[in-house]
Every structure is written in C-alpha cells, then in structure tokens.
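**Student:** Structure file my_file_0.txt, compact mmCIF, C-alpha atoms and all ligand atoms, is pasted below:
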# COMPACT_ATOMS: atom_id res chain seq x y z
CA MET K 1 205.18 219.50 -67.05
CA SER K 2 202.89 221.61 -64.92
CA ILE K 3 201.04 219.61 -62.30
CA ARG K 4 198.92 222.48 -61.07
CA PRO K 5 195.22 222.26 -61.86
CA THR K 6 194.27 225.91 -61.30
CA GLY K 7 195.33 228.93 -59.34
CA PRO K 8 196.13 232.62 -59.58
CA ASP K 9 199.41 232.59 -61.52
CA ASN K 10 199.81 229.12 -60.03
CA ALA K 11 201.23 230.57 -56.82
CA MET K 12 199.89 231.00 -53.32
CA ALA K 13 199.81 234.46 -51.78
CA ALA K 14 200.24 233.24 -48.18
CA LYS K 15 203.82 232.70 -46.99
CA ARG K 16 202.83 230.92 -43.81
CA LEU K 17 199.88 228.85 -42.66
CA ILE K 18 199.07 229.69 -39.06
CA SER K 19 195.41 230.59 -39.47
CA VAL K 20 192.84 230.06 -42.19
CA ASP K 21 192.81 233.87 -42.23
CA ASP K 22 196.33 233.78 -43.74
CA LEU K 23 194.78 232.41 -46.92
CA THR K 24 193.11 234.45 -49.64
CA ASP K 25 189.98 233.03 -51.24
CA ALA K 26 192.11 232.17 -54.26
CA ASP K 27 194.64 230.40 -52.01
CA ILE K 28 191.85 228.28 -50.53
CA ASP K 29 190.53 227.28 -53.95
CA TYR K 30 194.07 226.57 -55.10
CA ILE K 31 194.85 224.33 -52.11
CA LEU K 32 191.57 222.45 -52.40
CA ASP K 33 192.11 221.84 -56.12
CA LEU K 34 195.70 220.78 -55.54
CA THR K 35 194.49 218.48 -52.75
CA GLU K 36 192.15 216.70 -55.14
CA HIS K 37 194.98 216.46 -57.65
CA TYR K 38 197.23 214.75 -55.08
CA ALA K 39 194.35 212.60 -53.82
CA GLY K 40 194.31 211.09 -57.32
CA TYR K 41 197.91 209.93 -56.91
CA LEU K 42 197.08 208.31 -53.58
CA ARG K 43 193.97 206.60 -54.91
CA ARG K 44 195.90 205.18 -57.87
CA SER K 45 198.89 204.29 -55.64
CA ASP K 46 201.00 206.28 -58.10
CA PRO K 47 204.20 207.96 -56.89
CA ALA K 48 203.73 211.70 -56.64
CA PRO K 49 206.18 214.08 -58.34
CA LYS K 50 209.11 214.80 -56.02
CA ARG K 51 208.42 218.51 -55.96
CA LEU K 52 210.03 218.98 -52.55
CA ALA K 53 213.27 217.12 -53.33
CA GLY K 54 216.11 218.90 -51.54
CA LYS K 55 213.75 220.62 -49.07
CA THR K 56 213.87 219.90 -45.34
CA GLN K 57 210.65 219.63 -43.34
CA VAL K 58 210.74 219.59 -39.55
CA ASN K 59 207.73 218.36 -37.60
CA LEU K 60 207.91 219.80 -34.09
CA PHE K 61 204.99 218.56 -32.02
CA PHE K 62 204.93 219.74 -28.42
CA GLU K 63 201.56 218.02 -27.95
CA ASP K 64 200.48 214.48 -28.80
CA SER K 65 199.17 213.78 -32.28
CA THR K 66 198.49 210.79 -34.49
CA ARG K 67 196.69 212.09 -37.59
CA THR K 68 198.34 215.47 -38.06
CA ASN K 69 201.91 214.48 -37.27
CA LEU K 70 201.94 211.29 -39.32
CA SER K 71 200.04 212.70 -42.30
CA PHE K 72 202.45 215.65 -42.48
CA GLU K 73 205.30 213.15 -42.40
CA LEU K 74 203.74 211.09 -45.17
CA ALA K 75 202.90 214.19 -47.19
CA GLY K 76 206.47 215.50 -47.08
CA LYS K 77 207.96 212.10 -47.91
CA LYS K 78 205.61 211.53 -50.83
CA LEU K 79 206.77 214.83 -52.30
CA GLY K 80 210.45 213.93 -51.80
CA ALA K 81 211.31 216.19 -48.84
CA ASP K 82 213.73 215.19 -46.11
CA VAL K 83 211.38 214.92 -43.13
CA ILE K 84 212.45 215.00 -39.50
CA ASN K 85 210.04 214.30 -36.66
CA VAL K 86 211.56 215.88 -33.57
CA PRO K 87 211.21 213.35 -30.74
CA VAL K 88 210.19 216.02 -28.23
CA ALA K 89 209.94 213.67 -25.25
CA ALA K 90 213.54 212.53 -25.82
CA SER K 91 214.89 215.94 -26.84
CA SER K 92 216.58 218.75 -24.99
CA VAL K 93 213.11 220.16 -24.24
CA HIS K 94 213.21 217.52 -21.55
CA LYS K 95 216.32 219.24 -20.12
CA GLY K 96 214.56 222.56 -19.94
CA GLU K 97 215.33 224.00 -23.37
CA SER K 98 212.55 226.39 -24.36
CA GLN K 99 210.20 225.68 -27.24
CA VAL K 100 211.50 228.74 -29.06
CA ASP K 101 215.15 227.66 -28.67
CA THR K 102 214.29 224.18 -29.89
CA ALA K 103 212.58 225.65 -32.94
CA LYS K 104 215.53 227.98 -33.60
CA THR K 105 217.90 225.02 -33.29
CA MET K 106 215.95 223.02 -35.85
CA ALA K 107 215.70 226.01 -38.17
CA ALA K 108 219.49 226.36 -38.00
CA MET K 109 219.72 222.89 -39.56
CA ALA K 110 218.49 224.54 -42.77
CA ALA K 111 214.82 223.69 -42.38
CA ASP K 112 212.64 225.03 -45.18
CA VAL K 113 209.40 224.49 -43.30
CA MET K 114 208.51 223.80 -39.69
CA VAL K 115 205.20 222.20 -38.79
CA VAL K 116 204.48 223.01 -35.16
CA ARG K 117 201.86 221.84 -32.70
CA ALA K 118 201.70 223.69 -29.40
CA LYS K 119 199.49 224.13 -26.41
CA GLU K 120 199.74 227.92 -26.67
CA ASP K 121 197.80 230.02 -29.14
CA ALA K 122 200.65 232.49 -29.72
CA LEU K 123 203.78 230.38 -30.27
CA HIS K 124 203.39 230.11 -34.04
CA TYR K 125 203.27 233.88 -34.51
CA LYS K 126 206.38 234.27 -32.39
CA LEU K 127 208.18 231.62 -34.46
CA ASP K 128 207.01 233.19 -37.69
CA ASP K 129 208.66 236.47 -36.59
CA ILE K 130 212.04 234.94 -35.80
CA LEU K 131 212.51 231.84 -37.98
CA PRO K 132 213.86 232.02 -41.51
CA CYS K 133 211.63 229.12 -42.66
CA ALA K 134 207.91 228.84 -43.37
CA VAL K 135 205.80 228.08 -40.29
CA VAL K 136 202.80 225.77 -40.54
CA ASN K 137 200.34 225.35 -37.73
CA GLY K 138 199.76 221.68 -36.92
CA GLY K 139 197.30 222.68 -34.18
CA ALA K 140 197.56 225.52 -31.70
CA GLY K 141 195.93 226.02 -28.33
CA LYS K 142 192.16 226.29 -28.54
CA LYS K 143 192.01 228.54 -31.57
CA GLU K 144 193.43 227.26 -34.82
CA HIS K 145 193.99 224.06 -36.75
CA PRO K 146 193.96 225.33 -40.33
CA THR K 147 195.07 222.18 -42.15
CA GLN K 148 192.35 220.20 -40.34
CA ALA K 149 189.79 222.72 -41.64
CA LEU K 150 191.21 222.42 -45.16
CA LEU K 151 191.10 218.62 -45.10
CA ASP K 152 187.57 218.72 -43.68
CA ALA K 153 186.54 221.01 -46.54
CA ALA K 154 188.24 218.68 -49.03
CA ALA K 155 186.36 215.68 -47.60
CA ILE K 156 183.06 217.57 -47.77
CA ARG K 157 183.74 218.65 -51.37
CA SER K 158 184.45 215.05 -52.30
CA GLU K 159 181.04 214.03 -50.95
CA PHE K 160 178.82 217.01 -51.84
CA GLY K 161 180.75 218.68 -54.68
CA SER K 162 180.78 222.03 -52.86
CA LEU K 163 180.22 223.54 -49.43
CA ASN K 164 178.11 226.33 -50.85
CA GLY K 165 174.63 226.25 -49.32
CA LEU K 166 175.29 223.28 -47.03
CA VAL K 167 174.06 223.44 -43.43
CA ILE K 168 176.88 222.26 -41.17
CA ALA K 169 176.24 221.72 -37.46
CA ILE K 170 179.45 221.70 -35.39
CA CYS K 171 178.48 219.83 -32.24
CA GLY K 172 179.84 219.42 -28.73
CA ASP K 173 182.83 220.91 -26.96
CA ILE K 174 183.28 223.98 -29.14
CA ARG K 175 184.82 226.04 -26.36
CA HIS K 176 188.01 223.99 -26.17
CA SER K 177 188.24 223.04 -29.83
CA ARG K 178 190.86 224.45 -32.18
CA VAL K 179 189.09 222.63 -35.01
CA ALA K 180 185.72 224.31 -34.42
CA GLY K 181 187.11 227.80 -34.90
CA SER K 182 189.10 227.02 -38.05
CA ASP K 183 186.24 224.96 -39.51
CA ALA K 184 183.64 227.63 -38.83
CA ARG K 185 185.69 230.39 -40.44
CA LEU K 186 186.69 228.33 -43.47
CA PHE K 187 183.29 226.73 -44.08
CA LYS K 188 181.56 230.12 -43.96
CA ARG K 189 184.01 231.53 -46.49
CA LEU K 190 183.16 228.58 -48.72
CA GLY K 191 179.46 229.46 -48.53
CA ALA K 192 178.22 227.03 -45.87
CA ASP K 193 175.59 227.88 -43.27
CA VAL K 194 177.45 226.99 -40.03
CA ARG K 195 175.95 226.63 -36.58
CA PHE K 196 177.28 225.59 -33.17
CA VAL K 197 175.38 223.01 -31.11
CA GLY K 198 176.20 222.14 -27.52
CA PRO K 199 175.73 222.91 -23.84
CA ALA K 200 176.17 226.56 -22.83
CA HIS K 201 179.29 225.85 -20.75
CA LEU K 202 181.03 224.33 -23.79
CA MET K 203 180.22 227.26 -26.10
CA PRO K 204 182.75 230.02 -26.88
CA ASP K 205 182.42 233.30 -24.98
CA SER K 206 179.48 235.34 -26.22
CA ASP K 207 181.72 237.99 -27.85
CA GLN K 208 183.31 235.35 -30.07
CA PHE K 209 181.89 233.92 -33.29
CA THR K 210 178.98 236.33 -33.09
CA ASP K 211 178.12 235.47 -36.70
CA VAL K 212 177.58 231.76 -35.93
CA PRO K 213 174.13 230.86 -34.55
CA ARG K 214 174.08 228.64 -31.46
CA ALA K 215 171.70 225.91 -30.37
CA ASP K 216 171.63 224.23 -26.99
CA SER K 217 169.90 221.05 -28.13
CA LEU K 218 170.48 218.54 -30.93
CA LYS K 219 166.81 218.89 -31.85
CA ASP K 220 167.25 222.58 -32.73
CA GLY K 221 170.82 222.35 -33.92
CA LEU K 222 170.52 219.40 -36.28
CA ASP K 223 167.26 220.55 -37.87
CA GLY K 224 167.96 220.83 -41.61
CA ALA K 225 171.65 219.96 -41.26
CA ASP K 226 173.47 218.26 -44.13
CA ILE K 227 176.44 217.47 -41.90
CA ALA K 228 176.92 216.96 -38.16
CA MET K 229 180.55 217.48 -37.15
CA GLY K 230 181.13 215.90 -33.73
CA LEU K 231 183.94 217.19 -31.54
CA ARG K 232 185.89 215.44 -28.85
CA VAL K 233 185.03 216.50 -25.31
CA GLN K 234 188.46 217.77 -24.26
CA PHE K 235 188.55 216.66 -20.64
CA GLU K 236 192.21 217.69 -20.39
CA ARG K 237 191.27 221.32 -21.02
CA PHE K 238 188.60 221.49 -18.28
CA PRO K 239 188.70 224.18 -16.95
CA SER K 240 192.39 224.92 -17.15
CA ASP K 241 195.29 222.77 -18.21
CA ASP K 242 196.61 222.76 -14.63
CA ASP K 243 193.48 221.07 -13.42
CA ALA K 244 193.19 218.58 -16.25
CA GLY K 245 193.44 215.38 -14.29
CA SER K 246 190.95 216.29 -11.63
CA MET K 247 188.40 217.61 -14.13
CA ALA K 248 188.68 214.48 -16.25
CA ALA K 249 188.14 212.45 -13.13
CA ARG K 250 185.12 214.59 -12.24
CA PHE K 251 183.58 213.84 -15.63
CA ASP K 252 182.68 210.44 -14.33
CA GLU K 253 180.80 207.56 -15.91
CA ASP K 254 177.38 209.00 -15.03
CA GLN K 255 178.28 212.37 -16.52
CA ARG K 256 179.62 210.74 -19.69
CA ARG K 257 176.34 208.84 -20.02
CA ASP K 258 174.34 212.02 -19.40
CA TYR K 259 176.39 213.89 -21.98
CA PHE K 260 175.84 211.12 -24.53
CA GLU K 261 172.11 211.07 -23.84
CA THR K 262 171.86 214.83 -24.36
CA PHE K 263 174.47 215.61 -27.01
CA GLY K 264 175.71 212.26 -28.32
CA LEU K 265 175.56 211.70 -32.08
CA SER K 266 173.99 208.34 -32.86
CA HIS K 267 171.80 206.67 -35.46
CA GLN K 268 168.87 207.88 -33.37
CA THR K 269 169.88 211.54 -33.04
CA ILE K 270 171.17 211.91 -36.61
CA LYS K 271 167.52 211.42 -37.66
CA LEU K 272 167.00 215.00 -36.39
CA ALA K 273 169.12 216.19 -39.33
CA LYS K 274 168.28 216.03 -43.03
CA PRO K 275 167.63 212.50 -44.31
CA GLY K 276 170.98 211.03 -45.33
CA ALA K 277 172.97 213.65 -43.42
CA ARG K 278 176.63 212.82 -43.09
CA ILE K 279 178.60 212.55 -39.88
CA MET K 280 182.14 213.85 -39.38
CA HIS K 281 184.63 214.03 -36.53
CA PRO K 282 188.22 215.30 -36.66
CA GLY K 283 189.36 212.66 -34.15
CA PRO K 284 190.45 211.37 -31.80
CA MET K 285 186.98 210.25 -30.69
CA ASN K 286 185.52 209.47 -27.30
CA ARG K 287 183.20 206.69 -28.36
CA GLY K 288 180.08 206.63 -26.22
CA VAL K 289 180.56 210.25 -25.13
CA GLU K 290 180.14 212.61 -28.10
CA ILE K 291 179.53 209.89 -30.69
CA ASP K 292 178.22 206.36 -30.80
CA GLY K 293 180.71 203.88 -32.23
CA ALA K 294 178.14 202.34 -34.58
CA LEU K 295 177.48 205.71 -36.24
CA ALA K 296 181.17 206.56 -36.42
CA ASP K 297 181.76 203.25 -38.22
CA ASP K 298 178.71 203.52 -40.50
CA LYS K 299 180.19 203.15 -44.00
CA GLU K 300 177.36 205.08 -45.64
CA LEU K 301 176.88 207.99 -43.25
CA SER K 302 180.32 208.49 -41.71
CA LEU K 303 182.99 210.53 -43.48
CA ILE K 304 185.45 210.14 -40.60
CA LEU K 305 187.95 207.90 -42.36
CA ARG K 306 187.55 210.04 -45.50
CA GLN K 307 188.73 212.98 -43.36
CA VAL K 308 191.76 210.95 -42.33
CA PHE K 309 192.47 210.03 -45.98
CA TYR K 310 192.31 213.69 -47.04
CA GLY K 311 194.86 214.58 -44.35
CA VAL K 312 197.68 213.40 -46.59
CA PRO K 313 196.83 215.10 -49.93
CA THR K 314 195.72 218.27 -48.15
CA ARG K 315 199.07 218.51 -46.39
CA MET K 316 200.88 217.65 -49.63
CA ALA K 317 199.03 220.56 -51.24
CA CYS K 318 199.85 222.95 -48.38
CA LEU K 319 203.54 222.03 -48.36
CA ASP K 320 203.80 222.23 -52.14
CA ALA K 321 201.99 225.57 -52.28
CA LEU K 322 204.15 227.08 -49.52
CA LEU K 323 207.52 225.70 -50.59
CA THR K 324 207.48 225.80 -54.38
CA ARG K 325 205.71 229.15 -54.69
CA GLY K 326 204.63 228.53 -58.24
CA GLU K 327 208.04 227.41 -59.52
N1 LIG N 1 192.50 215.80 -35.70
C1 LIG N 1 193.71 215.87 -35.10
O1 LIG N 1 194.35 216.93 -35.01
O2 LIG N 1 194.14 214.66 -34.66
P1 LIG N 1 195.57 214.41 -33.96
O3 LIG N 1 195.55 215.08 -32.63
O4 LIG N 1 195.69 212.91 -33.90
O5 LIG N 1 196.62 215.03 -34.85
Could you express the structure from this file as structure tokens?
Ligand code: CP
**Tutor:**
Amino acid sequence: MSIRPTGPDNAMAAKRLISVDDLTDADIDYILDLTEHYAGYLRRSDPAPKRLAGKTQVNLFFEDSTRTNLSFELAGKKLGADVINVPVAASSVHKGESQVDTAKTMAAMAADVMVVRAKEDALHYKLDDILPCAVVNGGAGKKEHPTQALLDAAAIRSEFGSLNGLVIAICGDIRHSRVAGSDARLFKRLGADVRFVGPAHLMPDSDQFTDVPRADSLKDGLDGADIAMGLRVQFERFPSDDDAGSMAARFDEDQRRDYFETFGLSHQTIKLAKPGARIMHPGPMNRGVEIDGALADDKELSLILRQVFYGVPTRMACLDALLTRGE
C-alpha cells in the first residue's frame, strides 16, 4: 500500500538535507505533504508504518539541543529505525577525537543517515563529501537549520492553509540565527512576503539577504504582518564564541529590559501587526527578553507548541524521503 500523498514519481531529488537550497520546489511540496500525512498518525495516536525498519539513524549533536535532537529520535523510532543518540559529552570527543573522526566512526557502524548539529557552518558539507550515509543538518553555525524551516512552514500551513501571500516578520537577533536564514529562504520560495525586524547590530551584513526588506522598529516591521516570528537573543554568540560568557554578562538586566521594551513581542506590540496575527518562535525562548511569556503561552495567538508538534512529523517525512527514495 502506498502511503505517499503526492510527489514527483513519489521520490525526492535531494540526497542530503544540509540546506533548504538542496531541495527542489517539488521536494519541498512533497515533504510538506508527507509531513501532514504523518501528523495524522500522531494526532490519532496510530502507529506509523515501519518504513525505516532495518535502517540505522545516528544523531550526532556537538551542540546542545532539546527539540531537534529528541524529535529526530522520536521520528526515527516511530518509523522503525534503529536510532542511536551519540552521547557526545561522554564520548571519545572528550578525549580529543575530532568531530570528523567521530562521524566516520559512527558511519562505519553501518549508519544509513547521520543527523548532525555543529557550531561550524561547514562541517556538514565536509561530512557529506566523505561519509557513505545521508547527512542531515540538525542545525549548523549561524546559517542553516533546514528542518526547523520545514516544520515552521508546516505549522504555518496548518494554520493558514498556505504561505503564499502571507506577510511574515522575522524579529530580533537575525544576525546569529541559523533559523532566520533557512526560514527566510524557504518562506520566500513558498510565496511569503518576508521581512527582518530588529536592531541594526543584530541584522545580517548588508551584502546578505539583499532581497529581504529590513525594519529597525516593531512599528514599521510588524505593520501588516500575518505572523511575527520571534528569535532568541543568542548571548553565547556575542560577538564571538570565545567571548560568550563575558558578552552574556554584559547584556545585563537593564539591557534585557531595554531590549524587551524596544523589540519584545507582547500582547501590546503584536497589536502593531494585522488583527489576529499569529506569534511563532523556534525556541528555546528568553522570556521577558524577545518575547513576553503571556503572549508565548496565548492559546489563540501562539503557534509555538504547534511548531514543536510539527517537529516530529516533519522529521519523519525528511527521513522517509531521504532513506526510502520512493521505494
Ligand atoms: N529550535 C531548535 O533548534 O531548538 P533546539 O536547540 O532545542 O533543538
């Protein structure tokens, strides 16, 4: 029995998922449709078909993660894969083994897919060159988090039906956000009108994302927006990873309050957007810095837990599409 709802020959063209740019438009539609298909299983609490039985999935996270790591684990298990979470802190990485050697070691255990999170932007491409298995980006550096963008798109589709024509304001620390880049590229391909909103020092360099308009106030940036996507202020990336602790310390209570007063998303500031505009955030959140807790928890306006829900079926769809290749 075919479980695939739609798709070009029911197969995905991409053989890896490092960037949203790896995906054709047909791949994107296929993954989003397959996501909704798997979301149905989760909503009904039905067991999903064990389409990855016999496959081995390795989750190799060199950076902390709750949502991505655990939803990839759940996704693989629901599809019947053998899933290994590499305990990096207790692994030979701790003895000085390189990230590449650790990945090669895990691949040698007959991994079919490796989901990798790394601080560097380039590691995934290096691994894709040398590993025999499919490489999936579970978040890289400051540039890419493609499965987050796909799950965000799936959550938006579930609320609005389509992204086409929606005005989506991505707000806050865009400069350090891997989600902002992947979201902006994917949402534009799906027909949304995307804009960046935040202070100048947290915007990308001026030669990047030249096709995304920028606003330096919520008043301008939220005007006409259907969705405000808040982003975590990434203190640990200010201004370089070496200086993380001291920069976080320098962003003191007064500065957090100032930031919230200027760029914080709240029931008050969301009124600057379209009536009924929805709020999103990829998590983890700094409550009281980029978003007010009451808005984040607003059951009518907030799609934040919907995003978390869609993490599982989206990753089921990505793993299925990459590993079964239309079989
Ligand atoms: N959104 C996201 O990537 O969250 P985690 O860091 O918890 O995986």
**Student:** Write as JSON, numbers by chain the residues around ligand LIG 1 (chain N), taking 7 Å as the cut-off and counting only C-alpha atoms and all ligand atoms.
**Tutor:** {"K": [64, 65, 66, 67, 68, 69, 139, 148, 282, 283, 284]}
**Student:** Calculated over all atoms listed in the file, which of the candidates K:Pro146, K:Thr105, K:Asp298, K:Ala154 has the smallest distance to K:Leu131?
**Tutor:**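 For K:Leu131, the nearest of the candidates is K:Thr105.
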**Student:** Please list as a PyMOL selection string every residue within 6 Å of K:Arg315, counting only C-alpha atoms and excluding residues in the same chain fewer than 2 positions away.
**Tutor:** chain K and resi 72+75+312-313+317-318
**Student:** In Å, rounded to a single decimal, give me how far atom CA of K:Val116 is from atom CA of K:Val86.
**Tutor:** 10.2 Å
**Student:** Which one of K:Val100, K:Leu222, K:Met114, K:Leu272 sits closest to K:Asn59 if you count all atoms listed in the file?
**Tutor:**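 Answer, going by the shortest atom-to-atom distance: K:Met114.
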**Student:** Counting all atoms listed in the file, which residue out of K:His267, K:Lys219, K:Lys274, K:Arg232 sits closest to K:Arg287?
**Tutor:**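 Among K:His267, K:Lys219, K:Lys274, K:Arg232, it is K:Arg232 that comes nearest to K:Arg287.
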**Student:** Can you work out which one of K:Ile130, K:Leu79, K:Ile304, K:Ala294 has the shortest atom-to-atom distance to K:Tyr38, counting only C-alpha atoms?
**Tutor:**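 Using only C-alpha atoms, the shortest distance to K:Tyr38 belongs to K:Leu79.
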**Student:** At a cut-off of 10 Å, using all atoms listed in the file, what residues contact K:Arg51? Leave out same-chain residues fewer than 4 positions from it and give the result as an NGL selection string.
**Tutor:** :K and (3 or 55 or 76 or 78-81 or 316 or 319-320 or 323-324 or 327)
**Student:** Given the point (185.9, 217.2, -25.7) in the file's coordinates, find the residues that have an atom at most 8 Å from it, counting all atoms listed in the file, and give them as a ChimeraX atom specification.
**Tutor:** /K:172-173,176-177,231-235,286,290
**Student:** Around stretch 170-183 of chain K, fit a box with edges along x, y and z, padding it by 5 Å on each side, then list its centre and edge lengths in Å to one decimal as AutoDock Vina command-line options.
**Tutor:**
--center_x 184.7 --center_y 223.6 --center_z -32.8 --size_x 22.4 --size_y 18.4 --size_z 23.3
**Student:** Could you check how far atom CA of K:Ala228 sits from atom CA of K:Tyr310, in Å to one decimal?
**Tutor:**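 The value is 18.1 Å.
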**Student:** Which value, in Å to one decimal, gives the distance between atom CA of K:Glu159 and atom CA of K:Val179?
**Tutor:**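 Between atom CA of K:Glu159 and atom CA of K:Val179 the gap works out to 19.8 Å.
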**Student:** With distances taken over all atoms listed in the file, which of K:Ala149, K:Arg178, K:Arg278, K:Gly161 is nearest to K:Glu120?
**Tutor:**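 Residue with the minimum atom-to-atom distance to K:Glu120: K:Arg178.
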**Student:** For K:Ile170, which residue out of K:Glu236, K:Asp27, K:Glu261, K:Asp183 is the nearest one, using all atoms listed in the file?
**Tutor:**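 Checking each candidate against K:Ile170, we get K:Asp183 as the closest.
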